[in-house]
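Okay, entry.cif now, which holds mmCIF, C-alpha atoms and all ligand atoms:
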```cif
data_target
loop_
_atom_site.label_atom_id
_atom_site.label_comp_id
_atom_site.auth_asym_id
_atom_site.auth_seq_id
_atom_site.Cartn_x
_atom_site.Cartn_y
_atom_site.Cartn_z
CA MET F 232 -16.84 -6.16 -27.56
CA ASN F 233 -16.76 -3.95 -30.68
CA TRP F 234 -13.71 -3.54 -32.90
CA ILE F 235 -12.36 -1.11 -35.47
CA ILE F 236 -9.65 -2.38 -37.81
CA ARG F 237 -7.84 0.62 -39.33
CA GLU F 238 -6.15 1.13 -42.69
CA VAL F 239 -6.29 -2.46 -43.85
CA ARG F 240 -6.63 -4.08 -47.28
CA ILE F 241 -10.08 -5.66 -47.16
CA LEU F 242 -10.97 -8.54 -49.48
CA THR F 243 -14.62 -8.11 -50.51
CA PRO F 244 -16.66 -9.90 -53.20
CA SER F 245 -16.31 -6.83 -55.42
CA GLY F 246 -12.53 -6.63 -55.01
CA GLU F 247 -9.88 -5.35 -52.66
CA ILE F 248 -10.48 -2.04 -50.91
CA GLU F 249 -8.23 -0.14 -48.54
CA GLY F 250 -9.94 1.31 -45.51
CA ASP F 251 -11.42 0.57 -42.11
CA ALA F 252 -13.82 -2.09 -40.88
CA TRP F 253 -16.12 -1.94 -37.89
CA ILE F 254 -17.37 -4.95 -35.94
CA ARG F 255 -20.40 -4.22 -33.78
CA GLU F 256 -22.38 -6.75 -31.77
CA GLY F 257 -20.84 -9.69 -33.63
CA ARG F 258 -21.45 -8.44 -37.17
CA TRP F 259 -19.75 -6.29 -39.77
CA ALA F 260 -21.30 -2.88 -39.18
CA ALA F 261 -19.27 -0.89 -41.72
CA VAL F 262 -16.74 -1.91 -44.38
CA GLY F 263 -14.37 0.54 -46.06
CA GLN F 264 -15.55 3.69 -44.34
CA VAL F 265 -16.48 3.73 -40.70
CA PRO F 266 -18.68 6.55 -39.32
CA ASP F 267 -17.08 9.01 -36.87
CA SER F 268 -19.56 7.90 -34.25
CA ALA F 269 -18.22 4.31 -34.34
CA ARG F 270 -16.81 3.04 -31.06
CA GLY F 271 -14.66 -0.01 -30.40
CA LEU F 272 -11.16 -1.24 -29.62
CA THR F 273 -8.85 -0.28 -32.45
CA ILE F 274 -6.41 -2.59 -34.20
CA GLU F 275 -4.00 -1.17 -36.77
CA GLY F 276 -4.12 -3.07 -40.04
CA LYS F 277 -1.54 -1.25 -42.13
CA GLY F 278 0.25 -3.59 -44.57
CA ARG F 279 -2.11 -6.42 -43.72
CA TYR F 280 -5.11 -8.08 -45.27
CA LEU F 281 -8.52 -8.45 -43.70
CA LEU F 282 -10.21 -11.45 -45.30
CA PRO F 283 -13.26 -13.55 -44.45
CA GLY F 284 -12.56 -16.50 -42.16
CA LEU F 285 -12.06 -19.72 -44.12
CA ILE F 286 -14.89 -22.27 -44.27
CA ASP F 287 -13.57 -25.83 -44.13
CA THR F 288 -16.29 -28.14 -45.41
CA HIS F 289 -14.31 -31.33 -44.64
CA VAL F 290 -12.79 -32.02 -41.22
CA HIS F 291 -12.48 -34.93 -38.80
CA PHE F 292 -12.42 -33.37 -35.33
CA ARG F 293 -12.73 -36.91 -33.84
CA ASP F 294 -15.41 -36.28 -31.24
CA LEU F 295 -17.19 -38.33 -30.05
CA GLY F 296 -15.25 -41.44 -29.15
CA LEU F 297 -11.81 -40.79 -30.64
CA SER F 298 -10.76 -38.01 -28.30
CA HIS F 299 -7.20 -39.33 -27.88
CA LYS F 300 -6.63 -38.10 -31.46
CA GLY F 301 -8.44 -34.81 -31.05
CA THR F 302 -11.60 -33.19 -29.75
CA PHE F 303 -13.86 -30.53 -31.13
CA TYR F 304 -12.29 -28.15 -28.63
CA THR F 305 -8.64 -28.85 -29.54
CA GLU F 306 -9.07 -29.22 -33.31
CA SER F 307 -11.44 -26.29 -33.85
CA ARG F 308 -8.98 -24.17 -31.88
CA ALA F 309 -6.12 -25.33 -34.12
CA ALA F 310 -8.29 -24.48 -37.11
CA VAL F 311 -8.80 -20.92 -35.84
CA ALA F 312 -5.03 -20.44 -35.50
CA GLY F 313 -4.78 -21.14 -39.23
CA GLY F 314 -7.52 -18.70 -40.21
CA VAL F 315 -10.54 -21.02 -40.27
CA THR F 316 -13.78 -19.79 -38.68
CA THR F 317 -16.27 -22.46 -39.82
CA ALA F 318 -15.90 -26.26 -40.07
CA PHE F 319 -18.15 -29.09 -41.26
CA ASP F 320 -17.35 -32.28 -39.35
CA MET F 321 -17.48 -35.83 -40.72
CA PRO F 322 -19.52 -38.66 -39.14
CA ASN F 323 -16.94 -41.50 -38.99
CA THR F 324 -16.52 -41.25 -35.25
CA SER F 325 -16.99 -43.97 -32.66
CA PRO F 326 -19.86 -44.71 -32.75
CA PRO F 327 -20.54 -43.12 -36.15
CA THR F 328 -23.11 -40.30 -36.51
CA THR F 329 -25.68 -42.45 -38.29
CA THR F 330 -28.81 -41.92 -36.22
CA LEU F 331 -30.81 -38.74 -35.60
CA ARG F 332 -30.35 -39.17 -31.89
CA ARG F 333 -26.55 -39.37 -32.13
CA TRP F 334 -26.52 -36.38 -34.47
CA GLU F 335 -28.54 -34.29 -31.98
CA GLU F 336 -26.36 -35.45 -29.09
CA LYS F 337 -23.23 -34.49 -30.97
CA MET F 338 -24.71 -31.06 -31.85
CA HIS F 339 -25.45 -30.49 -28.19
CA TYR F 340 -21.99 -31.65 -27.10
CA VAL F 341 -20.24 -29.49 -29.69
CA SER F 342 -22.29 -26.38 -28.94
CA GLN F 343 -20.24 -25.50 -25.85
CA ARG F 344 -16.88 -26.57 -27.23
CA SER F 345 -16.34 -25.30 -30.76
CA TRP F 346 -14.01 -22.37 -31.46
CA THR F 347 -15.24 -22.38 -35.06
CA ASN F 348 -18.79 -22.22 -36.32
CA TYR F 349 -19.85 -25.77 -36.99
CA ALA F 350 -22.10 -28.11 -38.94
CA LEU F 351 -22.22 -31.89 -38.67
CA TYR F 352 -22.56 -34.34 -41.53
CA PHE F 353 -24.75 -37.40 -41.16
CA GLY F 354 -23.33 -40.82 -42.11
CA ALA F 355 -25.07 -43.17 -44.55
CA THR F 356 -25.34 -46.86 -43.80
CA GLU F 357 -27.17 -49.28 -46.05
CA HIS F 358 -30.04 -49.31 -43.57
CA ASN F 359 -30.66 -45.77 -42.33
CA LEU F 360 -32.60 -44.23 -45.22
CA PRO F 361 -35.68 -43.82 -42.97
CA GLU F 362 -33.66 -41.48 -40.75
CA ILE F 363 -31.95 -39.73 -43.67
CA ARG F 364 -35.41 -38.79 -44.98
CA LEU F 365 -35.99 -36.83 -41.76
CA LEU F 366 -32.82 -34.70 -41.87
CA ASP F 367 -33.31 -30.94 -41.62
CA PRO F 368 -31.76 -29.18 -44.65
CA HIS F 369 -31.40 -25.97 -42.63
CA ARG F 370 -29.11 -27.66 -40.12
CA VAL F 371 -27.43 -30.64 -41.85
CA PRO F 372 -24.79 -29.92 -44.53
CA GLY F 373 -25.02 -33.36 -46.07
CA VAL F 374 -24.97 -37.13 -45.87
CA LYS F 375 -21.51 -38.65 -46.16
CA VAL F 376 -21.37 -41.78 -48.29
CA PHE F 377 -18.24 -43.92 -48.17
CA LEU F 378 -18.15 -45.91 -51.42
CA ALA F 379 -14.90 -47.49 -50.19
CA SER F 380 -13.78 -48.32 -46.68
CA SER F 381 -11.52 -45.86 -44.88
CA THR F 382 -11.17 -44.80 -41.23
CA GLY F 383 -14.14 -46.23 -39.32
CA ASP F 384 -16.53 -48.85 -40.65
CA LEU F 385 -18.95 -46.81 -42.74
CA LEU F 386 -19.33 -48.34 -46.19
CA VAL F 387 -22.05 -48.31 -48.84
CA THR F 388 -21.40 -50.50 -51.89
CA ASP F 389 -24.97 -51.24 -52.98
CA GLU F 390 -25.40 -49.23 -56.18
CA ALA F 391 -29.19 -49.44 -56.14
CA TYR F 392 -29.17 -47.99 -52.65
CA VAL F 393 -27.02 -45.05 -53.76
CA ARG F 394 -29.54 -44.40 -56.55
CA GLN F 395 -32.29 -44.38 -53.96
CA LEU F 396 -30.33 -41.87 -51.86
CA MET F 397 -30.02 -39.71 -54.96
CA LYS F 398 -33.81 -39.62 -55.15
CA GLU F 399 -34.74 -39.27 -51.52
CA SER F 400 -32.10 -37.48 -49.46
CA PRO F 401 -33.34 -34.04 -48.38
CA VAL F 402 -29.71 -32.86 -48.11
CA ARG F 403 -26.61 -32.92 -50.33
CA LEU F 404 -24.78 -36.24 -50.72
CA VAL F 405 -21.02 -36.00 -50.16
CA PHE F 406 -19.02 -38.89 -51.51
CA HIS F 407 -15.78 -40.62 -50.71
CA SER F 408 -15.32 -41.79 -54.28
CA GLU F 409 -13.21 -44.93 -54.63
CA LYS F 410 -14.34 -48.29 -55.94
CA GLU F 411 -14.07 -50.84 -53.15
CA SER F 412 -13.79 -53.87 -55.47
CA LEU F 413 -10.75 -52.38 -57.27
CA ILE F 414 -9.06 -51.68 -53.96
CA ARG F 415 -9.63 -55.29 -52.89
CA ALA F 416 -8.27 -56.55 -56.20
CA ALA F 417 -5.16 -54.39 -55.77
CA HIS F 418 -4.67 -55.76 -52.27
CA ALA F 419 -4.70 -59.28 -53.69
CA GLN F 420 -2.27 -58.30 -56.45
CA TRP F 421 0.29 -56.70 -54.11
CA ALA F 422 -0.20 -59.04 -51.16
CA GLU F 423 3.33 -60.47 -51.36
CA VAL F 424 5.16 -57.11 -51.42
CA GLU F 425 6.94 -55.84 -48.31
CA TRP F 426 6.15 -52.21 -47.66
CA GLU F 427 9.79 -51.49 -46.73
CA THR F 428 10.82 -52.18 -50.33
CA MET F 429 8.07 -50.16 -51.98
CA PRO F 430 7.57 -46.65 -50.51
CA ASP F 431 4.49 -45.91 -52.64
CA LEU F 432 2.75 -49.19 -51.87
CA HIS F 433 -0.28 -47.27 -50.58
CA THR F 434 -0.84 -45.75 -54.04
CA ARG F 435 -0.72 -49.24 -55.55
CA LEU F 436 -3.16 -50.66 -53.01
CA ARG F 437 -5.54 -47.76 -53.58
CA PRO F 438 -4.80 -47.18 -57.26
CA PRO F 439 -5.92 -44.26 -59.49
CA GLU F 440 -8.39 -46.53 -61.31
CA ALA F 441 -10.36 -47.01 -58.08
CA CYS F 442 -10.98 -43.26 -57.96
CA ILE F 443 -11.52 -42.80 -61.68
CA GLU F 444 -14.03 -45.65 -62.08
CA SER F 445 -15.97 -44.59 -59.01
CA THR F 446 -16.16 -40.95 -60.08
CA ARG F 447 -17.08 -41.96 -63.63
CA TRP F 448 -19.96 -44.00 -62.22
CA LEU F 449 -21.04 -41.23 -59.85
CA LEU F 450 -21.14 -38.64 -62.62
CA ARG F 451 -23.26 -40.92 -64.76
CA GLU F 452 -25.71 -41.56 -61.94
CA ALA F 453 -25.75 -37.91 -60.89
CA THR F 454 -27.23 -36.94 -64.25
CA ASP F 455 -30.55 -38.29 -62.99
CA SER F 456 -30.06 -37.31 -59.36
CA SER F 457 -32.56 -34.95 -57.85
CA VAL F 458 -30.18 -34.44 -54.93
CA PRO F 459 -27.00 -32.33 -55.28
CA VAL F 460 -23.79 -34.38 -55.20
CA HIS F 461 -20.42 -33.28 -53.84
CA ILE F 462 -17.32 -35.38 -54.53
CA LEU F 463 -14.63 -35.14 -51.89
CA HIS F 464 -10.84 -35.21 -52.19
CA ILE F 465 -10.31 -35.57 -55.93
CA THR F 466 -6.77 -36.89 -56.52
CA THR F 467 -6.35 -37.81 -60.20
CA GLY F 468 -5.98 -35.85 -63.41
CA GLU F 469 -8.43 -38.14 -65.15
CA GLU F 470 -11.16 -37.28 -62.66
CA VAL F 471 -10.52 -33.58 -63.36
CA GLN F 472 -11.10 -34.33 -67.05
CA LEU F 473 -14.31 -36.22 -66.26
CA LEU F 474 -15.51 -33.40 -64.04
CA ARG F 475 -15.18 -30.89 -66.87
CA HIS F 476 -18.39 -32.45 -68.21
CA ARG F 477 -20.16 -32.78 -64.89
CA PRO F 478 -23.88 -32.17 -64.47
CA ALA F 479 -24.80 -28.83 -62.85
CA SER F 480 -25.83 -30.57 -59.64
CA VAL F 481 -22.27 -31.84 -59.02
CA SER F 482 -19.49 -30.03 -57.18
CA ALA F 483 -16.01 -31.27 -56.32
CA GLU F 484 -13.20 -30.74 -53.85
CA THR F 485 -9.50 -31.36 -53.53
CA CYS F 486 -7.29 -31.00 -50.45
CA PRO F 487 -4.01 -29.23 -49.62
CA ILE F 488 -2.12 -32.48 -49.05
CA TYR F 489 -2.69 -33.51 -52.71
CA LEU F 490 -1.61 -30.05 -53.89
CA GLN F 491 1.60 -30.10 -51.87
CA TRP F 492 2.85 -33.66 -52.23
CA SER F 493 2.71 -36.64 -54.61
CA SER F 494 3.33 -40.38 -54.35
CA GLU F 495 7.00 -39.67 -55.06
CA ASP F 496 7.27 -38.14 -51.57
CA PHE F 497 6.48 -41.37 -49.71
CA SER F 498 10.15 -42.30 -49.62
CA THR F 499 10.84 -39.17 -47.53
CA TYR F 500 7.69 -38.90 -45.44
CA LYS F 501 6.72 -42.58 -45.09
CA HIS F 502 3.29 -43.14 -43.53
CA LEU F 503 2.90 -39.49 -42.49
CA LEU F 504 1.45 -39.02 -45.98
CA LYS F 505 -0.67 -42.17 -45.88
CA CYS F 506 -4.21 -40.96 -46.43
CA ASN F 507 -7.29 -42.02 -48.39
CA PRO F 508 -7.55 -41.68 -51.33
CA ALA F 509 -3.81 -42.16 -51.72
CA LEU F 510 -1.47 -39.50 -53.10
CA LYS F 511 -1.04 -39.90 -56.85
CA SER F 512 1.71 -38.91 -59.31
CA SER F 513 3.17 -35.43 -59.71
CA ALA F 514 1.43 -35.25 -63.10
CA ASP F 515 -1.88 -35.80 -61.29
CA ARG F 516 -0.97 -33.05 -58.85
CA GLU F 517 -0.43 -30.62 -61.73
CA MET F 518 -3.86 -31.48 -63.10
CA LEU F 519 -5.42 -30.77 -59.70
CA TRP F 520 -3.91 -27.28 -59.76
CA GLN F 521 -5.22 -26.81 -63.27
CA GLY F 522 -8.66 -28.02 -62.22
CA LEU F 523 -8.72 -25.56 -59.33
CA ILE F 524 -7.55 -22.64 -61.43
CA GLU F 525 -10.03 -23.27 -64.25
CA GLY F 526 -12.87 -23.82 -61.74
CA THR F 527 -13.55 -27.50 -62.42
CA LEU F 528 -12.67 -28.11 -58.77
CA GLU F 529 -14.66 -25.47 -56.93
CA VAL F 530 -13.81 -26.17 -53.31
CA VAL F 531 -10.75 -26.82 -51.17
CA GLY F 532 -11.47 -28.79 -47.99
CA THR F 533 -8.66 -29.87 -45.70
CA ASP F 534 -9.66 -33.41 -44.70
CA HIS F 535 -7.95 -32.59 -41.40
CA ALA F 536 -7.63 -36.07 -39.93
CA PRO F 537 -5.38 -36.24 -36.88
CA HIS F 538 -3.79 -39.50 -35.72
CA LEU F 539 -1.22 -39.88 -32.97
CA TRP F 540 2.44 -39.73 -33.99
CA THR F 541 2.93 -43.19 -32.43
CA GLU F 542 0.08 -44.54 -34.56
CA LYS F 543 1.60 -43.08 -37.73
CA MET F 544 5.00 -44.59 -36.86
CA ARG F 545 3.63 -48.14 -36.91
CA PRO F 546 4.48 -50.49 -39.81
CA TYR F 547 2.58 -49.77 -43.01
CA PRO F 548 -0.47 -52.02 -42.58
CA GLU F 549 -1.20 -50.73 -39.06
CA ALA F 550 -0.44 -47.05 -39.64
CA PRO F 551 -3.83 -45.28 -39.91
CA SER F 552 -4.74 -43.12 -42.93
CA GLY F 553 -5.03 -39.37 -42.54
CA ALA F 554 -2.96 -36.38 -41.47
CA PRO F 555 -3.61 -33.13 -39.61
CA ALA F 556 -3.97 -30.02 -41.78
CA HIS F 557 -4.94 -27.43 -39.20
CA GLY F 558 -2.87 -24.96 -37.28
CA TYR F 559 -1.11 -23.48 -40.33
CA LEU F 560 -3.71 -23.54 -43.08
CA LEU F 561 -3.79 -19.99 -44.42
CA PRO F 562 0.02 -19.55 -44.48
CA TRP F 563 0.24 -22.97 -46.15
CA LEU F 564 -2.25 -22.06 -48.89
CA TRP F 565 -0.67 -18.64 -49.33
CA THR F 566 2.81 -20.19 -49.67
CA MET F 567 1.70 -22.82 -52.18
CA GLY F 568 -0.36 -20.35 -54.19
CA ARG F 569 2.21 -17.60 -54.23
CA ALA F 570 4.73 -19.93 -55.89
CA ARG F 571 2.17 -20.27 -58.69
CA GLY F 572 1.30 -16.58 -58.92
CA LEU F 573 -2.05 -16.94 -57.14
CA SER F 574 -3.42 -14.21 -54.90
CA LEU F 575 -5.10 -14.49 -51.52
CA SER F 576 -8.45 -13.93 -53.26
CA PHE F 577 -8.02 -17.27 -55.03
CA TRP F 578 -8.21 -19.10 -51.70
CA VAL F 579 -11.07 -16.92 -50.49
CA GLU F 580 -13.02 -18.07 -53.55
CA LYS F 581 -12.20 -21.76 -52.89
CA MET F 582 -12.70 -21.71 -49.12
CA VAL F 583 -15.30 -18.98 -48.56
CA TYR F 584 -17.38 -17.87 -51.53
CA ALA F 585 -17.71 -21.31 -53.16
CA PRO F 586 -18.82 -23.08 -49.95
CA VAL F 587 -21.29 -20.26 -49.21
CA ARG F 588 -22.73 -20.55 -52.73
CA ILE F 589 -22.84 -24.36 -52.91
CA TRP F 590 -24.20 -24.95 -49.40
CA ARG F 591 -26.28 -21.75 -49.29
CA ILE F 592 -24.76 -20.75 -45.96
CA LYS F 593 -26.74 -17.93 -44.39
CA GLU F 594 -25.27 -14.64 -43.14
CA ARG F 595 -21.65 -15.74 -43.32
CA GLY F 596 -18.76 -15.50 -45.71
CA ALA F 597 -18.22 -12.18 -47.42
CA ILE F 598 -17.06 -9.20 -45.39
CA GLN F 599 -20.14 -7.08 -45.90
CA GLU F 600 -22.49 -5.18 -43.67
CA GLY F 601 -24.92 -7.42 -41.82
CA ASN F 602 -22.96 -10.66 -42.08
CA TRP F 603 -21.53 -12.30 -38.97
CA ALA F 604 -18.02 -10.96 -38.40
CA ASP F 605 -15.87 -14.01 -39.17
CA GLY F 606 -12.59 -12.44 -40.20
CA VAL F 607 -8.84 -12.93 -40.36
CA LEU F 608 -6.09 -10.31 -40.15
CA PHE F 609 -3.18 -11.68 -42.19
CA ALA F 610 0.39 -10.38 -42.53
CA PRO F 611 1.56 -11.56 -45.96
CA GLU F 612 5.24 -10.67 -45.49
CA GLU F 613 5.76 -12.30 -42.10
CA GLU F 614 6.58 -15.99 -41.65
CA THR F 615 5.13 -19.01 -39.86
CA PRO F 616 7.70 -21.64 -38.87
CA VAL F 617 6.15 -25.10 -38.34
CA PRO F 618 7.57 -26.76 -35.20
CA ALA F 619 9.20 -30.21 -35.09
CA PRO F 620 7.00 -33.25 -34.41
CA LEU F 621 5.78 -33.42 -30.79
CA ALA F 622 7.01 -29.89 -30.01
CA PRO F 623 4.67 -28.21 -27.49
CA GLN F 624 3.99 -25.26 -29.82
CA HIS F 625 1.69 -27.26 -32.11
CA TYR F 626 -1.98 -26.34 -32.02
CA SER F 627 -3.50 -29.71 -32.96
CA ARG F 628 -3.75 -32.27 -30.15
CA VAL F 629 -1.55 -34.80 -31.92
CA ALA F 630 1.24 -32.18 -32.10
CA TRP F 631 2.74 -33.04 -35.45
CA SER F 632 2.28 -31.91 -39.02
CA PRO F 633 3.68 -33.17 -42.30
CA LEU F 634 4.77 -29.51 -42.68
CA SER F 635 7.25 -29.76 -39.78
CA GLY F 636 10.49 -28.09 -40.81
CA PHE F 637 8.75 -25.76 -43.29
CA THR F 638 8.90 -22.02 -42.83
CA LEU F 639 5.65 -20.85 -44.38
CA GLN F 640 5.11 -17.38 -45.76
CA GLY F 641 2.53 -15.14 -44.15
CA ARG F 642 1.21 -15.12 -40.61
CA VAL F 643 -2.26 -15.11 -39.08
CA LYS F 644 -2.32 -12.13 -36.71
CA ALA F 645 -5.90 -12.08 -35.49
CA VAL F 646 -9.10 -14.09 -35.97
CA TRP F 647 -12.65 -13.03 -35.10
CA VAL F 648 -15.44 -15.59 -34.83
CA ASN F 649 -18.89 -14.01 -34.65
CA GLY F 650 -17.14 -10.75 -33.78
CA GLN F 651 -15.29 -12.25 -30.83
CA LEU F 652 -11.50 -11.96 -30.97
CA SER F 653 -10.51 -15.64 -30.65
CA PHE F 654 -6.84 -15.53 -31.66
CA TYR F 655 -4.35 -12.68 -31.46
CA ASN F 656 -0.57 -12.68 -31.97
CA GLY F 657 -0.18 -16.39 -31.31
CA TYR F 658 -2.55 -16.69 -28.35
CA PHE F 659 -6.13 -17.84 -28.02
CA HIS F 660 -8.59 -15.47 -26.39
CA GLY F 661 -11.82 -15.89 -24.50
CA ALA F 662 -14.01 -18.95 -24.80
CA PRO F 663 -15.19 -20.97 -27.82
CA ALA F 664 -17.46 -18.64 -29.82
CA GLY F 665 -18.67 -21.01 -32.55
CA GLN F 666 -22.33 -21.12 -33.50
CA PRO F 667 -24.24 -23.66 -35.59
CA VAL F 668 -24.22 -22.88 -39.32
CA VAL F 669 -27.64 -22.22 -40.86
CA PHE F 670 -28.34 -23.25 -44.46
CA GLY F 671 -30.81 -21.48 -46.74
ZN ZN U 701 -12.19 -37.11 -44.84
#
```

Take the structure in this file and express it as structure tokens.
Ligand SMILES: [Zn+2]
Amino acid sequence: MNWIIREVRILTPSGEIEGDAWIREGRWAAVGQVPDSARGLTIEGKGRYLLPGLIDTHVHFRDLGLSHKGTFYTESRAAVAGGVTTAFDMPNTSPPTTTLRRWEEKMHYVSQRSWTNYALYFGATEHNLPEIRLLDPHRVPGVKVFLASSTGDLLVTDEAYVRQLMKESPVRLVFHSEKESLIRAAHAQWAEVEWETMPDLHTRLRPPEACIESTRWLLREATDSSVPVHILHITTGEEVQLLRHRPASVSAETCPIYLQWSSEDFSTYKHLLKCNPALKSSADREMLWQGLIEGTLEVVGTDHAPHLWTEKMRPYPEAPSGAPAHGYLLPWLWTMGRARGLSLSFWVEKMVYAPVRIWRIKERGAIQEGNWADGVLFAPEEETPVPAPLAPQHYSRVAWSPLSGFTLQGRVKAVWVNGQLSFYNGYFHGAPAGQPVVFG
């Protein structure tokens, strides 16, 4: 199916233009001016933006093995509803994606089920370097290294081994940067405290110093690394300061949850905001915004990590870490950014152009002739109400969001993935159209 989107404000790498866009055989065939000979179904775009589909380089879609929390089908579909057209999935599944065989099996499984384009990270253990050496840089976005334990049982604490990875990995290393020993020490220190009396206990058990010391160490080691290093979910102001002097081979991310909330919100939200690393102070949150705006933090990834509502309602120690981010992403970003005077282009830089540049994603991203037509039609003046927990209107399988009760600004009207209309006016269309991402 071919499409013509008429009279729309198109966000391109060289700025905003008002005009038409033509999708032919899955790709952008004309942008700005469409030839008279163009044929396709027409969608009116007046008053709306046409922007490139967001690229989320950090998701947990839970397949394989944790499908009660979500599957590639359900979570990639929720992602599309929020304006995401490409997702990179993490390996801490059950079993984890730590062998070439499991990685290939997962790629095969996902290929028929993903509404977004997809790429799968590989997980580092302290023993699988021989397999890491064989990873294909055109197909694998990176090796995930957990320097501290989180969901799942992947953990690498041997510093010499990390140095070896920094010499030998054929693909980018992406780090969960917290220092395990400091987390253990904090657990010993706060062991006697009842969580009911201390709403921000999670921030004390996973304290800022654990992040800061780990990132300080990583930046020092990365100076000699021949492999590019990406640091996930930055949460502290001090890490932003450290990152201002980062080596050129290092990039860094923060996530919407850390931009929206702080540890002061635990008393209201309880374990719904329990995630790793923990939320930090509101002063830290301000520094994250500053880091994003000045470009020290180049990428926003969601860390979409669904858990069942019943799991999150358990007492503190048993409530799992992580929260869903998908279903409402673009309105959420737009609403947060607008309050700070940021335009839609700001988020396109953080969630499209920066990922394309850092990961050297081929033929995707910018709305320009020849690229795959991954695009979002967005109505900035409409609203997106987020349903109550467990309401049937949620997109994510777990059917809750920490945003429940919010009325977000802006509304995703239509989403094309590889030129296929996948979402229109609140409904999903057709079949999953995602393709594997190719890296240059
Ligand atoms: Zn994560």

Using all atoms listed in the file, which protein or nucleic acid residues are at most 10 Å from ligand ZN 701 (chain U), as a PyMOL selection string? chain F and resi 288-291+320-323+375+377+381-382+406-407+463-464+486+506-508+532-536+552-554

If you keep C-alpha atoms, can you produce a file of those selected residues as a PDB file, in the frame of the given file?
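Final output, saved to out_0.pdb:
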```
ATOM      1  CA  THR F 288     -16.290 -28.140 -45.410  1.00  0.00           C
ATOM      2  CA  HIS F 289     -14.310 -31.330 -44.640  1.00  0.00           C
ATOM      3  CA  VAL F 290     -12.790 -32.020 -41.220  1.00  0.00           C
ATOM      4  CA  HIS F 291     -12.480 -34.930 -38.800  1.00  0.00           C
ATOM      5  CA  ASP F 320     -17.350 -32.280 -39.350  1.00  0.00           C
ATOM      6  CA  MET F 321     -17.480 -35.830 -40.720  1.00  0.00           C
ATOM      7  CA  PRO F 322     -19.520 -38.660 -39.140  1.00  0.00           C
ATOM      8  CA  ASN F 323     -16.940 -41.500 -38.990  1.00  0.00           C
ATOM      9  CA  LYS F 375     -21.510 -38.650 -46.160  1.00  0.00           C
ATOM     10  CA  PHE F 377     -18.240 -43.920 -48.170  1.00  0.00           C
ATOM     11  CA  SER F 381     -11.520 -45.860 -44.880  1.00  0.00           C
ATOM     12  CA  THR F 382     -11.170 -44.800 -41.230  1.00  0.00           C
ATOM     13  CA  PHE F 406     -19.020 -38.890 -51.510  1.00  0.00           C
ATOM     14  CA  HIS F 407     -15.780 -40.620 -50.710  1.00  0.00           C
ATOM     15  CA  LEU F 463     -14.630 -35.140 -51.890  1.00  0.00           C
ATOM     16  CA  HIS F 464     -10.840 -35.210 -52.190  1.00  0.00           C
ATOM     17  CA  CYS F 486      -7.290 -31.000 -50.450  1.00  0.00           C
ATOM     18  CA  CYS F 506      -4.210 -40.960 -46.430  1.00  0.00           C
ATOM     19  CA  ASN F 507      -7.290 -42.020 -48.390  1.00  0.00           C
ATOM     20  CA  PRO F 508      -7.550 -41.680 -51.330  1.00  0.00           C
ATOM     21  CA  GLY F 532     -11.470 -28.790 -47.990  1.00  0.00           C
ATOM     22  CA  THR F 533      -8.660 -29.870 -45.700  1.00  0.00           C
ATOM     23  CA  ASP F 534      -9.660 -33.410 -44.700  1.00  0.00           C
ATOM     24  CA  HIS F 535      -7.950 -32.590 -41.400  1.00  0.00           C
ATOM     25  CA  ALA F 536      -7.630 -36.070 -39.930  1.00  0.00           C
ATOM     26  CA  SER F 552      -4.740 -43.120 -42.930  1.00  0.00           C
ATOM     27  CA  GLY F 553      -5.030 -39.370 -42.540  1.00  0.00           C
ATOM     28  CA  ALA F 554      -2.960 -36.380 -41.470  1.00  0.00           C
TER      29      ALA F 554
END
```

With only C-alpha atoms as the counted atoms, please give the residues lying no more than 8 Å from Leu450 in chain F, apart from itself and same-chain residues fewer than 4 positions off, as a compact mmCIF listing (two decimals) with C-alpha atoms, keeping the file's coordinate frame.
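Below is the file that was written, out-v8.txt:
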```txt
# COMPACT_ATOMS: atom_id res chain seq x y z
CA THR F 446 -16.16 -40.95 -60.08
CA THR F 454 -27.23 -36.94 -64.25
CA LEU F 474 -15.51 -33.40 -64.04
CA ARG F 477 -20.16 -32.78 -64.89
CA PRO F 478 -23.88 -32.17 -64.47
CA VAL F 481 -22.27 -31.84 -59.02
```

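Between CA of Asp287 in chain F and CA of Leu396 in chain F there is a distance of 24.5 Å.
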
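The gap separating CA of Tyr500 in chain F from CA of Trp421 in chain F is 21.1 Å, in Å to one decimal.
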
Looking at only C-alpha atoms, which of F:Thr566, F:Thr541, F:Thr467, F:Thr527 is the one that sits closest to Ser513 in chain F? F:Thr467

Please measure the separation of CA of Glu580 in chain F and CA of Val531 in chain F, giving the value in Å to one decimal.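 Spanning CA of Glu580 in chain F to CA of Val531 in chain F is a straight-line distance of 9.3 Å.
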
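If you count all atoms listed in the file and ignore residues fewer than 2 places along the chain from Phe659 in chain F, what sits within 10 Å of it is Arg308, Ala309, Val311, Ala312, Trp346, Ala645, Val646, Leu652, Ser653, Phe654, Tyr655, Asn656, Gly657, Gly661, Ala662 and Pro663 of chain F.
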
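Counting only C-alpha atoms and comparing F:Leu639, F:Leu413, F:Leu386, F:Val669, the residue that lies closest to Asp367 in chain F is F:Val669.
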
Using all atoms listed in the file, which residues of range 547-597 of chain F come within 12 Å of range 245-263 of chain F, and what is the closest atom pair for each, with the distance in Å to one decimal? Give it as a Markdown table, sorted by chain and residue number.
```
| residue | atom | partner | partner_atom | distance |
| --- | --- | --- | --- | --- |
| F:Ser574 | CA | F:Glu247 | CA | 11.2 |
| F:Leu575 | CA | F:Glu247 | CA | 10.4 |
| F:Ser576 | CA | F:Gly246 | CA | 8.5 |
| F:Phe577 | CA | F:Gly246 | CA | 11.6 |
| F:Val579 | CA | F:Gly246 | CA | 11.3 |
| F:Glu580 | CA | F:Gly246 | CA | 11.5 |
| F:Tyr584 | CA | F:Ser245 | CA | 11.8 |
| F:Glu594 | CA | F:Arg258 | CA | 9.4 |
| F:Arg595 | CA | F:Arg258 | CA | 9.5 |
| F:Gly596 | CA | F:Trp259 | CA | 11.0 |
| F:Ala597 | CA | F:Trp259 | CA | 9.8 |
```
